[in-house]
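> Handing over run22.txt, compact mmCIF, C-alpha atoms.
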# COMPACT_ATOMS: atom_id res chain seq x y z
CA MET A 1 299.45 -6.10 78.06
CA PHE A 2 301.90 -8.86 78.92
CA SER A 3 305.19 -9.77 77.28
CA ASN A 4 305.59 -13.26 78.80
CA ILE A 5 303.24 -16.05 79.84
CA ASP A 6 304.41 -16.29 83.47
CA ASP A 7 303.58 -12.66 84.24
CA ALA A 8 300.27 -13.01 82.45
CA LEU A 9 299.23 -16.11 84.40
CA ASN A 10 300.42 -14.70 87.73
CA THR A 11 298.22 -11.64 87.20
CA LEU A 12 295.32 -13.70 85.89
CA MET A 13 295.28 -16.05 88.88
CA LYS A 14 294.92 -13.16 91.32
CA ARG A 15 291.56 -12.20 89.86
CA THR A 16 289.18 -13.80 92.36
CA ARG A 17 285.91 -12.72 93.92
CA SER A 18 284.78 -13.72 97.42
CA GLU A 19 281.06 -13.09 96.93
CA HIS A 20 278.55 -15.76 95.93
CA PRO A 21 279.08 -16.67 92.25
CA GLN A 22 277.01 -14.61 89.81
CA LEU A 23 276.86 -14.61 86.05
CA TYR A 24 275.51 -11.21 85.00
CA LYS A 25 278.88 -9.41 84.73
CA PHE A 26 280.39 -12.11 82.55
CA SER A 27 277.18 -12.38 80.51
CA GLU A 28 277.39 -8.65 79.79
CA CYS A 29 281.00 -9.10 78.67
CA MET A 30 280.14 -11.96 76.32
CA LYS A 31 277.15 -10.05 74.95
CA ALA A 32 279.44 -7.09 74.17
CA LEU A 33 281.65 -9.53 72.25
CA ASN A 34 278.59 -10.76 70.26
CA ASN A 35 278.36 -14.02 72.24
CA PRO A 36 281.11 -15.89 70.39
CA GLN A 37 280.22 -19.13 72.21
CA ASN A 38 277.07 -19.38 70.10
CA SER A 39 279.15 -20.22 67.03
CA LEU A 40 280.41 -23.45 68.63
CA ASN A 41 278.84 -26.91 68.83
CA ILE A 42 279.05 -27.57 72.56
CA ILE A 43 278.53 -30.40 75.04
CA HIS A 44 278.17 -29.13 78.61
CA VAL A 45 279.19 -31.45 81.49
CA GLY A 46 278.20 -30.75 85.10
CA GLY A 47 277.59 -32.71 88.30
CA THR A 48 279.44 -33.36 91.55
CA ASN A 49 281.99 -36.06 90.71
CA GLY A 50 283.31 -37.51 87.47
CA LYS A 51 282.95 -34.39 85.31
CA GLY A 52 286.55 -34.42 84.12
CA SER A 53 286.60 -38.15 83.41
CA THR A 54 283.27 -38.03 81.56
CA THR A 55 284.51 -35.09 79.50
CA ASN A 56 287.63 -37.02 78.61
CA PHE A 57 285.71 -40.15 77.61
CA ILE A 58 283.42 -38.10 75.32
CA ARG A 59 286.44 -36.34 73.81
CA SER A 60 288.11 -39.65 73.03
CA ILE A 61 284.96 -41.02 71.38
CA LEU A 62 284.54 -37.94 69.18
CA GLU A 63 288.21 -38.09 68.20
CA GLN A 64 287.78 -41.74 67.17
CA GLU A 65 285.00 -40.57 64.84
CA GLY A 66 287.52 -38.17 63.25
CA TYR A 67 286.34 -34.90 64.77
CA LYS A 68 288.54 -32.07 66.02
CA VAL A 69 287.55 -31.61 69.67
CA GLY A 70 288.23 -28.81 72.12
CA THR A 71 287.96 -29.39 75.87
CA PHE A 72 287.83 -26.89 78.70
CA THR A 73 288.36 -28.44 82.15
CA SER A 74 289.37 -27.28 85.61
CA PRO A 75 291.28 -27.17 87.82
CA HIS A 76 294.49 -27.80 85.93
CA LEU A 77 296.62 -30.75 86.98
CA ILE A 78 299.99 -29.98 85.41
CA LYS A 79 299.87 -26.29 84.50
CA HIS A 80 297.24 -23.71 83.60
CA GLN A 81 297.63 -24.51 79.93
CA ASP A 82 296.08 -27.96 80.36
CA ARG A 83 292.64 -26.40 80.93
CA PHE A 84 292.54 -25.66 77.19
CA ARG A 85 293.08 -28.66 74.94
CA ILE A 86 292.43 -29.68 71.38
CA ASN A 87 292.42 -33.43 70.79
CA GLY A 88 294.07 -33.83 74.18
CA THR A 89 296.98 -31.45 73.49
CA PHE A 90 297.51 -28.39 75.70
CA ILE A 91 297.36 -24.89 74.31
CA SER A 92 300.81 -23.45 73.54
CA ASP A 93 302.31 -20.70 75.69
CA GLU A 94 302.39 -18.40 72.66
CA LYS A 95 298.72 -18.88 71.83
CA LEU A 96 297.62 -18.53 75.45
CA LEU A 97 299.60 -15.30 75.81
CA GLU A 98 298.00 -13.95 72.65
CA LEU A 99 294.51 -14.76 73.96
CA ILE A 100 295.19 -13.29 77.41
CA ASN A 101 296.37 -10.03 75.80
CA ARG A 102 293.30 -10.03 73.57
CA SER A 103 291.04 -10.38 76.61
CA TYR A 104 292.93 -7.97 78.88
CA PRO A 105 290.96 -4.79 77.97
CA TYR A 106 287.76 -6.44 79.25
CA TRP A 107 289.05 -7.57 82.67
CA ASP A 108 288.40 -4.39 84.58
CA GLN A 109 285.71 -3.07 82.28
CA TYR A 110 283.43 -5.98 83.26
CA ASP A 111 285.12 -6.95 86.56
CA ILE A 112 285.55 -10.56 85.46
CA THR A 113 287.40 -13.26 87.39
CA MET A 114 290.10 -15.73 86.41
CA PHE A 115 287.62 -18.52 85.74
CA GLU A 116 285.37 -16.28 83.66
CA ILE A 117 288.38 -15.10 81.68
CA ASP A 118 289.40 -18.74 81.17
CA VAL A 119 285.99 -19.50 79.67
CA LEU A 120 286.41 -16.59 77.28
CA LEU A 121 289.91 -17.72 76.34
CA ALA A 122 288.69 -21.27 75.72
CA THR A 123 285.87 -19.99 73.51
CA TRP A 124 288.16 -17.85 71.38
CA TYR A 125 290.72 -20.65 71.17
CA PHE A 126 288.19 -23.18 69.91
CA ILE A 127 286.84 -20.70 67.35
CA ASP A 128 290.33 -19.77 66.13
CA GLU A 129 291.24 -23.44 65.74
CA GLN A 130 287.92 -24.28 64.07
CA VAL A 131 287.06 -27.26 66.26
CA ASP A 132 284.14 -29.44 65.22
CA TYR A 133 282.91 -29.79 68.80
CA ALA A 134 283.79 -28.29 72.17
CA ILE A 135 283.20 -29.83 75.60
CA TYR A 136 282.93 -27.47 78.58
CA GLU A 137 283.25 -28.82 82.11
CA VAL A 138 281.33 -26.86 84.76
CA GLY A 139 283.56 -25.33 87.43
CA MET A 140 281.14 -25.24 90.38
CA GLY A 141 277.38 -25.62 90.55
CA GLY A 142 275.68 -24.79 87.29
CA THR A 143 273.22 -21.90 87.30
CA TYR A 144 275.82 -19.23 88.07
CA ASP A 145 278.90 -20.97 86.72
CA ALA A 146 280.79 -19.07 84.04
CA THR A 147 280.42 -21.95 81.59
CA ASN A 148 276.64 -21.53 81.73
CA ILE A 149 276.74 -18.94 78.95
CA VAL A 150 276.56 -21.81 76.45
CA THR A 151 273.56 -23.29 74.66
CA PRO A 152 274.68 -26.89 74.18
CA LEU A 153 273.74 -29.85 72.03
CA ALA A 154 273.75 -31.89 75.25
CA SER A 155 273.51 -30.97 78.92
CA VAL A 156 275.19 -33.74 80.92
CA ILE A 157 274.91 -34.12 84.71
CA THR A 158 277.06 -36.90 86.14
CA ASN A 159 275.58 -37.21 89.65
CA ILE A 160 274.63 -35.17 92.72
CA SER A 161 276.16 -35.42 96.18
CA LEU A 162 277.01 -32.98 98.96
CA ASP A 163 279.82 -30.61 97.99
CA HIS A 164 280.36 -26.83 98.17
CA THR A 165 277.40 -26.73 100.56
CA GLY A 166 278.17 -23.14 101.57
CA TYR A 167 277.44 -22.03 98.00
CA LEU A 168 275.10 -24.65 96.58
CA GLY A 169 272.90 -25.77 99.49
CA ASP A 170 272.94 -28.29 102.31
CA THR A 171 270.81 -31.04 100.73
CA VAL A 172 271.24 -33.01 97.52
CA GLU A 173 267.93 -31.59 96.30
CA LYS A 174 269.08 -27.98 96.75
CA ILE A 175 272.35 -28.80 95.01
CA ALA A 176 270.43 -30.53 92.23
CA VAL A 177 268.46 -27.34 91.57
CA GLU A 178 271.72 -25.40 91.16
CA LYS A 179 273.31 -28.01 88.92
CA ALA A 180 270.14 -28.38 86.84
CA GLY A 181 270.71 -24.76 85.83
CA ILE A 182 272.79 -26.00 82.89
CA ILE A 183 269.68 -27.58 81.35
CA LYS A 184 268.50 -25.35 78.51
CA ASP A 185 265.31 -25.25 76.39
CA SER A 186 267.04 -27.09 73.55
CA GLY A 187 269.46 -29.99 73.34
CA ILE A 188 269.29 -33.41 74.96
CA VAL A 189 269.70 -34.00 78.71
CA VAL A 190 271.65 -37.04 79.93
CA THR A 191 272.46 -38.02 83.51
CA GLY A 192 274.13 -40.77 85.51
CA GLU A 193 272.11 -39.85 88.62
CA ARG A 194 269.79 -42.48 90.11
CA LYS A 195 268.08 -40.76 93.06
CA GLU A 196 264.41 -40.21 92.19
CA SER A 197 264.12 -36.96 94.15
CA VAL A 198 266.97 -35.54 92.07
CA LEU A 199 265.71 -36.96 88.78
CA ASP A 200 262.34 -35.30 89.42
CA ILE A 201 264.12 -31.95 89.66
CA PHE A 202 265.94 -32.58 86.38
CA ARG A 203 262.71 -33.62 84.64
CA GLU A 204 260.84 -30.55 85.86
CA LYS A 205 263.66 -28.26 84.72
CA ALA A 206 263.94 -29.96 81.33
CA ASN A 207 260.20 -30.23 80.75
CA ARG A 208 260.93 -33.08 78.36
CA ASP A 209 262.38 -36.60 78.42
CA ILE A 210 265.81 -36.98 79.95
CA TYR A 211 268.10 -39.90 79.21
CA GLU A 212 269.42 -41.97 82.09
CA VAL A 213 272.33 -44.39 82.23
CA ARG A 214 271.19 -48.00 82.00
CA GLU A 215 272.36 -50.93 84.11
CA ILE A 216 276.16 -51.30 84.20
CA ASP A 217 277.85 -54.69 84.59
CA ILE A 218 281.21 -54.85 86.34
CA LEU A 219 282.81 -57.92 84.79
CA GLY A 220 286.09 -57.89 86.70
CA HIS A 221 289.69 -56.78 86.33
CA VAL A 222 292.32 -57.97 83.87
CA ASN A 223 295.95 -56.82 84.29
CA ARG A 224 294.84 -53.86 86.45
CA HIS A 225 292.29 -52.84 83.81
CA LEU A 226 288.54 -52.75 84.38
CA LYS A 227 286.23 -54.91 82.27
CA MET A 228 282.62 -53.71 82.08
CA GLY A 229 279.43 -54.31 80.17
CA TYR A 230 277.03 -51.66 78.85
CA ARG A 231 274.22 -51.83 76.30
CA GLY A 232 275.23 -55.38 75.43
CA ASN A 233 278.87 -54.51 74.78
CA VAL A 234 281.98 -55.63 76.65
CA ILE A 235 284.29 -52.66 77.23
CA ASN A 236 287.86 -52.84 78.51
CA LEU A 237 288.91 -49.61 80.25
CA LEU A 238 292.50 -48.60 80.84
CA SER A 239 291.58 -47.62 84.41
CA TYR A 240 291.44 -50.09 87.30
CA ALA A 241 288.90 -48.06 89.31
CA SER A 242 285.37 -49.43 89.30
CA TYR A 243 283.95 -45.91 89.65
CA GLN A 244 285.14 -45.13 86.13
CA ALA A 245 282.54 -47.57 84.81
CA LYS A 246 279.83 -45.02 85.67
CA ASN A 247 281.66 -42.24 83.84
CA ALA A 248 282.32 -44.47 80.83
CA ALA A 249 278.69 -45.58 80.67
CA LEU A 250 277.52 -41.96 80.89
CA ALA A 251 279.84 -40.97 78.04
CA TYR A 252 278.51 -43.94 76.02
CA GLU A 253 274.91 -42.83 76.68
CA VAL A 254 275.64 -39.21 75.75
CA CYS A 255 277.19 -40.18 72.42
CA TYR A 256 274.54 -42.84 71.74
CA GLN A 257 271.75 -40.29 72.26
CA LEU A 258 273.51 -37.56 70.27
CA ASN A 259 273.72 -39.97 67.35
CA LYS A 260 270.15 -41.26 67.82
CA ASN A 261 268.81 -37.69 67.89
CA GLN A 262 270.83 -36.87 64.75
CA LEU A 263 272.80 -34.14 66.53
CA ILE A 264 276.24 -35.68 65.93
CA LYS A 265 277.13 -38.66 63.74
CA ILE A 266 278.87 -41.20 65.98
CA SER A 267 279.30 -44.91 65.27
CA LYS A 268 279.20 -47.64 67.90
CA GLU A 269 282.72 -48.62 66.85
CA SER A 270 283.99 -45.13 67.70
CA ILE A 271 282.24 -45.24 71.07
CA LEU A 272 283.84 -48.57 72.00
CA LYS A 273 287.31 -47.64 70.71
CA GLY A 274 287.14 -44.23 72.39
CA LEU A 275 286.21 -45.67 75.78
CA SER A 276 288.86 -48.39 75.66
CA SER A 277 291.67 -45.96 74.82
CA THR A 278 290.96 -43.18 77.33
CA GLN A 279 293.42 -42.19 80.03
CA TRP A 280 292.93 -39.35 82.51
CA ALA A 281 295.75 -38.11 84.71
CA GLY A 282 295.18 -37.87 88.45
CA ARG A 283 292.12 -40.12 88.56
CA PHE A 284 293.19 -43.48 89.98
CA GLU A 285 296.37 -43.03 87.99
CA ILE A 286 298.88 -45.81 88.58
CA VAL A 287 302.32 -44.19 88.53
CA SER A 288 304.26 -47.21 89.85
CA GLN A 289 303.62 -50.96 89.78
CA GLN A 290 306.20 -52.06 92.37
CA PRO A 291 305.22 -50.87 94.82
CA LEU A 292 301.76 -50.00 93.58
CA ILE A 293 301.40 -46.19 93.78
CA ILE A 294 298.11 -44.53 92.89
CA LEU A 295 297.25 -40.84 92.51
CA ASP A 296 293.57 -40.03 92.88
CA GLY A 297 291.93 -36.61 93.08
CA ALA A 298 289.14 -37.75 95.43
CA HIS A 299 288.36 -34.22 96.59
CA ASN A 300 285.09 -34.73 98.50
CA GLU A 301 283.26 -37.31 100.62
CA GLU A 302 281.65 -39.13 97.69
CA GLY A 303 284.96 -39.20 95.82
CA ILE A 304 286.71 -40.77 98.81
CA HIS A 305 283.89 -43.32 99.11
CA GLN A 306 284.40 -44.37 95.49
CA LEU A 307 288.17 -44.49 96.03
CA VAL A 308 287.81 -46.71 99.10
CA MET A 309 285.66 -49.13 97.09
CA ALA A 310 288.31 -49.23 94.35
CA LEU A 311 291.13 -49.89 96.84
CA GLN A 312 289.54 -53.05 98.20
CA GLY A 313 291.48 -56.12 97.20
CA LEU A 314 294.71 -54.30 96.36
CA PRO A 315 298.01 -55.40 97.96
CA ARG A 316 298.43 -54.73 101.69
CA PRO A 317 299.51 -52.75 103.54
CA ILE A 318 297.56 -49.79 102.17
CA VAL A 319 299.22 -46.50 103.11
CA SER A 320 297.33 -43.29 102.30
CA VAL A 321 298.78 -39.79 102.02
CA PHE A 322 296.01 -37.22 102.26
CA SER A 323 295.44 -33.48 102.04
CA ALA A 324 292.30 -31.50 101.23
CA LEU A 325 290.65 -28.10 101.08
CA LYS A 326 289.10 -26.66 104.23
CA ASP A 327 285.62 -26.27 102.69
CA LYS A 328 285.25 -30.06 102.36
CA ASP A 329 283.81 -32.51 104.91
CA THR A 330 287.28 -33.73 105.84
CA ASP A 331 286.13 -35.57 108.98
CA HIS A 332 284.01 -37.98 106.95
CA MET A 333 286.73 -38.22 104.32
CA MET A 334 289.26 -39.15 107.01
CA GLN A 335 286.87 -41.71 108.55
CA GLN A 336 286.67 -43.53 105.25
CA LEU A 337 290.41 -43.41 104.57
CA VAL A 338 291.21 -44.70 108.07
CA SER A 339 288.75 -47.57 107.53
CA ILE A 340 290.60 -48.89 104.45
CA SER A 341 294.20 -47.90 105.28
CA ASP A 342 296.76 -49.56 107.47
CA GLU A 343 298.39 -46.15 107.87
CA VAL A 344 297.25 -42.61 107.04
CA ILE A 345 299.69 -39.72 106.65
CA VAL A 346 298.16 -36.24 106.55
CA THR A 347 300.04 -33.35 105.01
CA GLU A 348 299.67 -29.83 103.61
CA PHE A 349 300.11 -28.05 100.29
CA LYS A 350 300.22 -24.43 99.26
CA HIS A 351 296.75 -23.11 98.48
CA PRO A 352 294.72 -20.34 100.15
CA ARG A 353 291.91 -22.80 100.94
CA ALA A 354 294.10 -25.72 102.03
CA GLN A 355 293.22 -27.38 105.34
CA SER A 356 295.92 -27.66 108.00
CA ALA A 357 297.33 -31.09 108.82
CA ALA A 358 296.46 -30.48 112.48
CA LEU A 359 292.76 -30.10 111.70
CA LEU A 360 292.76 -32.99 109.24
CA SER A 361 294.22 -35.31 111.87
CA LYS A 362 291.97 -34.17 114.74
CA ASP A 363 290.41 -37.19 116.51
CA PHE A 364 292.10 -39.66 114.15
CA GLU A 365 295.04 -41.98 114.64
CA CYS A 366 297.41 -40.94 111.90
CA ILE A 367 300.84 -39.46 111.15
CA ILE A 368 301.32 -35.73 110.59
CA GLU A 369 304.00 -34.60 108.14
CA LYS A 370 303.34 -31.03 107.02
CA GLU A 371 305.82 -31.05 104.13
CA TYR A 372 304.09 -33.01 101.36
CA LYS A 373 307.30 -34.23 99.70
CA LYS A 374 308.45 -35.72 103.00
CA ALA A 375 304.98 -37.19 103.54
CA VAL A 376 305.17 -38.94 100.17
CA GLN A 377 308.67 -40.19 100.91
CA LEU A 378 307.50 -41.51 104.29
CA GLY A 379 304.63 -43.29 102.59
CA GLN A 380 307.06 -44.95 100.18
CA GLU A 381 309.21 -46.10 103.09
CA LYS A 382 306.25 -47.60 104.93
CA VAL A 383 304.39 -49.28 102.06
CA GLY A 384 306.77 -52.17 101.36
CA ALA A 385 305.14 -54.41 98.74
CA GLY A 386 301.70 -52.92 99.43
CA THR A 387 299.74 -50.01 97.95
CA LEU A 388 300.50 -46.32 98.39
CA CYS A 389 297.48 -44.12 97.69
CA ILE A 390 298.05 -40.38 97.43
CA THR A 391 294.71 -38.63 97.45
CA GLY A 392 292.64 -35.55 98.22
CA SER A 393 292.38 -32.19 96.50
CA LEU A 394 293.21 -32.05 92.81
CA TYR A 395 295.41 -29.06 93.66
CA PHE A 396 297.35 -31.37 95.99
CA ILE A 397 297.61 -34.06 93.31
CA SER A 398 298.86 -31.38 90.92
CA ASP A 399 301.74 -30.65 93.30
CA VAL A 400 302.57 -34.32 93.92
CA ARG A 401 302.32 -35.68 90.39
CA PRO A 402 305.62 -34.21 89.11
CA LEU A 403 307.41 -36.32 91.74
CA PHE A 404 306.41 -39.39 89.73
CA VAL A 405 305.58 -38.25 86.18
CA LYS A 406 307.90 -36.16 84.03
CA GLU A 407 305.97 -34.44 81.23
The structure in this file should be written as C-alpha cells.


Amino acid sequence: MFSNIDDALNTLMKRTRSEHPQLYKFSECMKALNNPQNSLNIIHVGGTNGKGSTTNFIRSILEQEGYKVGTFTSPHLIKHQDRFRINGTFISDEKLLELINRSYPYWDQYDITMFEIDVLLATWYFIDEQVDYAIYEVGMGGTYDATNIVTPLASVITNISLDHTGYLGDTVEKIAVEKAGIIKDSGIVVTGERKESVLDIFREKANRDIYEVREIDILGHVNRHLKMGYRGNVINLLSYASYQAKNAALAYEVCYQLNKNQLIKISKESILKGLSSTQWAGRFEIVSQQPLIILDGAHNEEGIHQLVMALQGLPRPIVSVFSALKDKDTDHMMQQLVSISDEVIVTEFKHPRAQSAALLSKDFECIIEKEYKKAVQLGQEKVGAGTLCITGSLYFISDVRPLFVKE
C-alpha cells in the first residue's frame, strides 16, 4: 500500500510488458471483480487519429444535455490524473491514491500493467461518482486493448491509417481488423472512415448497418476559429485546425444516432452548443497570438499530414520544433514538416521510446538542439512575426506545454 500519490504513480508507471498486447490476464482480473464495467453506460472510441478530440466533443455534448460524464483518455498531457475526468475535471490526488491502494492486491495476482490498472481505476472511479455516461478512449489497436472489456452503447472508430505497424499490421486493412475488435454484438457502430476496403471490414465485423459521417463543409475561419457545416447546421469551433471538423462531425453523428436509436436522449441544441464550446489541450492549441505559437500532438504520419494542411496560410516564417517516438515513421513525418516549414528544429525528450535528434535529422536540412527547452527558445528567437509550431509525440507536448501554460 502507498501513503502518497507520487510513490504510488512512480510504482504504477513501471508496470509495463514488452510482449504483444493480450487481454486474457486483465479479463480474468475484471471477472474476479464481477466485471464492474458492465454497470456503466459506455461509449467506446477507437481509431488511429482524433480519438481524444472526438471523446472530448462527445463529452461536451453530453454535459450540455445535463449529464454527468466520465472520460478515460491517454496518454496524459499534464499529469497522470488527467486520464480520469468527470465533466472535464481531473481526479483528485486523494481519490486516485485511494483507488490505487484498492487495486494494489490485484497487480501481481493477475500480472496486470499500468494501462490495465488505469482502466480498472477509471471504472471504479466512474461507479463511485455515479456518472450517467462514461467514454473510454482506446489506448492502442482495439481487439487486445485493455479498454475492450466494455460492452458499449456505441462503438466509434475515427479513421484508419498506418501506425503501430509492429503490433497492428503493415496495411490499413490489417490495422482495421484489429481496430474493429471494439465492435460488439450490441450497440451502434459509427465511423469517420471513408475507405471502402476498411468499411467492408467494419460491416462484416458488425454484421449490421454502420453509421458513417456525412459530407462536411469547411466554411472558413473567423478570428482563428473554424466555421463548418454538418447536417444542415453551421457550427463554429473554438479550434482553428480544419482537421477538427472531421472529429466534430463524428461526435455529432454519434450523438445524433444515439438519440435516434433511443439509447441516450440528446437534443440538437445540446449537440451544437457542445461542439461550439469544446477545447482540447495539445491539439492545435494556440498558446500565444504574437507571435503565433501552436502546440499540436501530431504523433504519426497522418497526424503530421493534417497538421501541415492546417498550417497553410498562417503567418510566415513557419518554424517547427519536432520530436517523436522511435516506432513512428519519422522520415515521412520529417518530409512533410520540411515541406511546410521555413526552418525545422529537431530535439529530444525523456521517454524510453523517444527517437534521437540525430536519427530524426538524418538526410534532412534542419537544426539539431537536443535540449528541448533550448530548442523551443531557439524557435522563438527565429520566428519573428511568423508561426512557431511545436509538434510530435504527445509525451513531448506534455513536457513542453508547461513552458507556456500554467495550470

> Can you work out the spacing between CA of Ile368 (chain A) and CA of Glu301 (chain A) in Å, to one decimal?

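Interatomic distance, CA of Ile368 (chain A) to CA of Glu301 (chain A): 20.7 Å.
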
> Point out the residue among A:Ile135, A:Leu120, A:Ile201, A:Ala324 with the least atom-to-atom distance to Phe57 (chain A), counting only C-alpha atoms.

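The shortest atom-to-atom distance to Phe57 (chain A) comes from A:Ile135.
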
> Ranking A:Ala310, A:Leu9, A:Ala251, A:Ile183 by minimum distance to Gly52 (chain A) and counting only C-alpha atoms, which one comes first?

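Answer, going by the shortest atom-to-atom distance: A:Ala251.
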
> Write out as a VMD selection string each polymer residue whose atoms come within 10 Å of region 233-239 of chain A, counting all atoms listed in the file; drop sequence neighbours fewer than 2 positions from it.

chain A and resid 217 to 231 241 to 245 248 to 249 268 271 to 280 283 to 286

> What's the separation between CA of Ser103 (chain A) and CA of Thr54 (chain A), in Å to one decimal place?

29.1 Å

> Taking 5 positions as the minimum chain separation for residues in the same chain, which residues sit within 10 Å of Gln312 (chain A) when counting only C-alpha atoms? Answer as a PDB file with C-alpha atoms, keeping the file's coordinate frame.


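Result file is selection_23.pdb:
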ATOM      1  CA  LEU A 307     288.170 -44.490  96.030  1.00  0.00           C
ATOM      2  CA  ILE A 318     297.560 -49.790 102.170  1.00  0.00           C
ATOM      3  CA  ILE A 340     290.600 -48.890 104.450  1.00  0.00           C
ATOM      4  CA  SER A 341     294.200 -47.900 105.280  1.00  0.00           C
TER       5      SER A 341
END

> Please measure the separation of CA of Gln257 (chain A) and CA of Glu65 (chain A), giving the value in Å to one decimal.

15.2 Å

> Identify, on the basis of only C-alpha atoms, every residue whose closest approach to Thr147 (chain A) does not exceed 10 Å; exclude the query and any residue fewer than 4 positions from it along the same chain; express the result as a PyMOL selection string.

chain A and resi 23+26+37+44-46+72+115-116+118-120+123+136-140+142-143+151+182

> For Pro36 (chain A), which residue out of A:Tyr125, A:Val319, A:Arg194, A:Thr330 is the nearest one, using all atoms listed in the file?

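For Pro36 (chain A), the nearest of the candidates is A:Tyr125.
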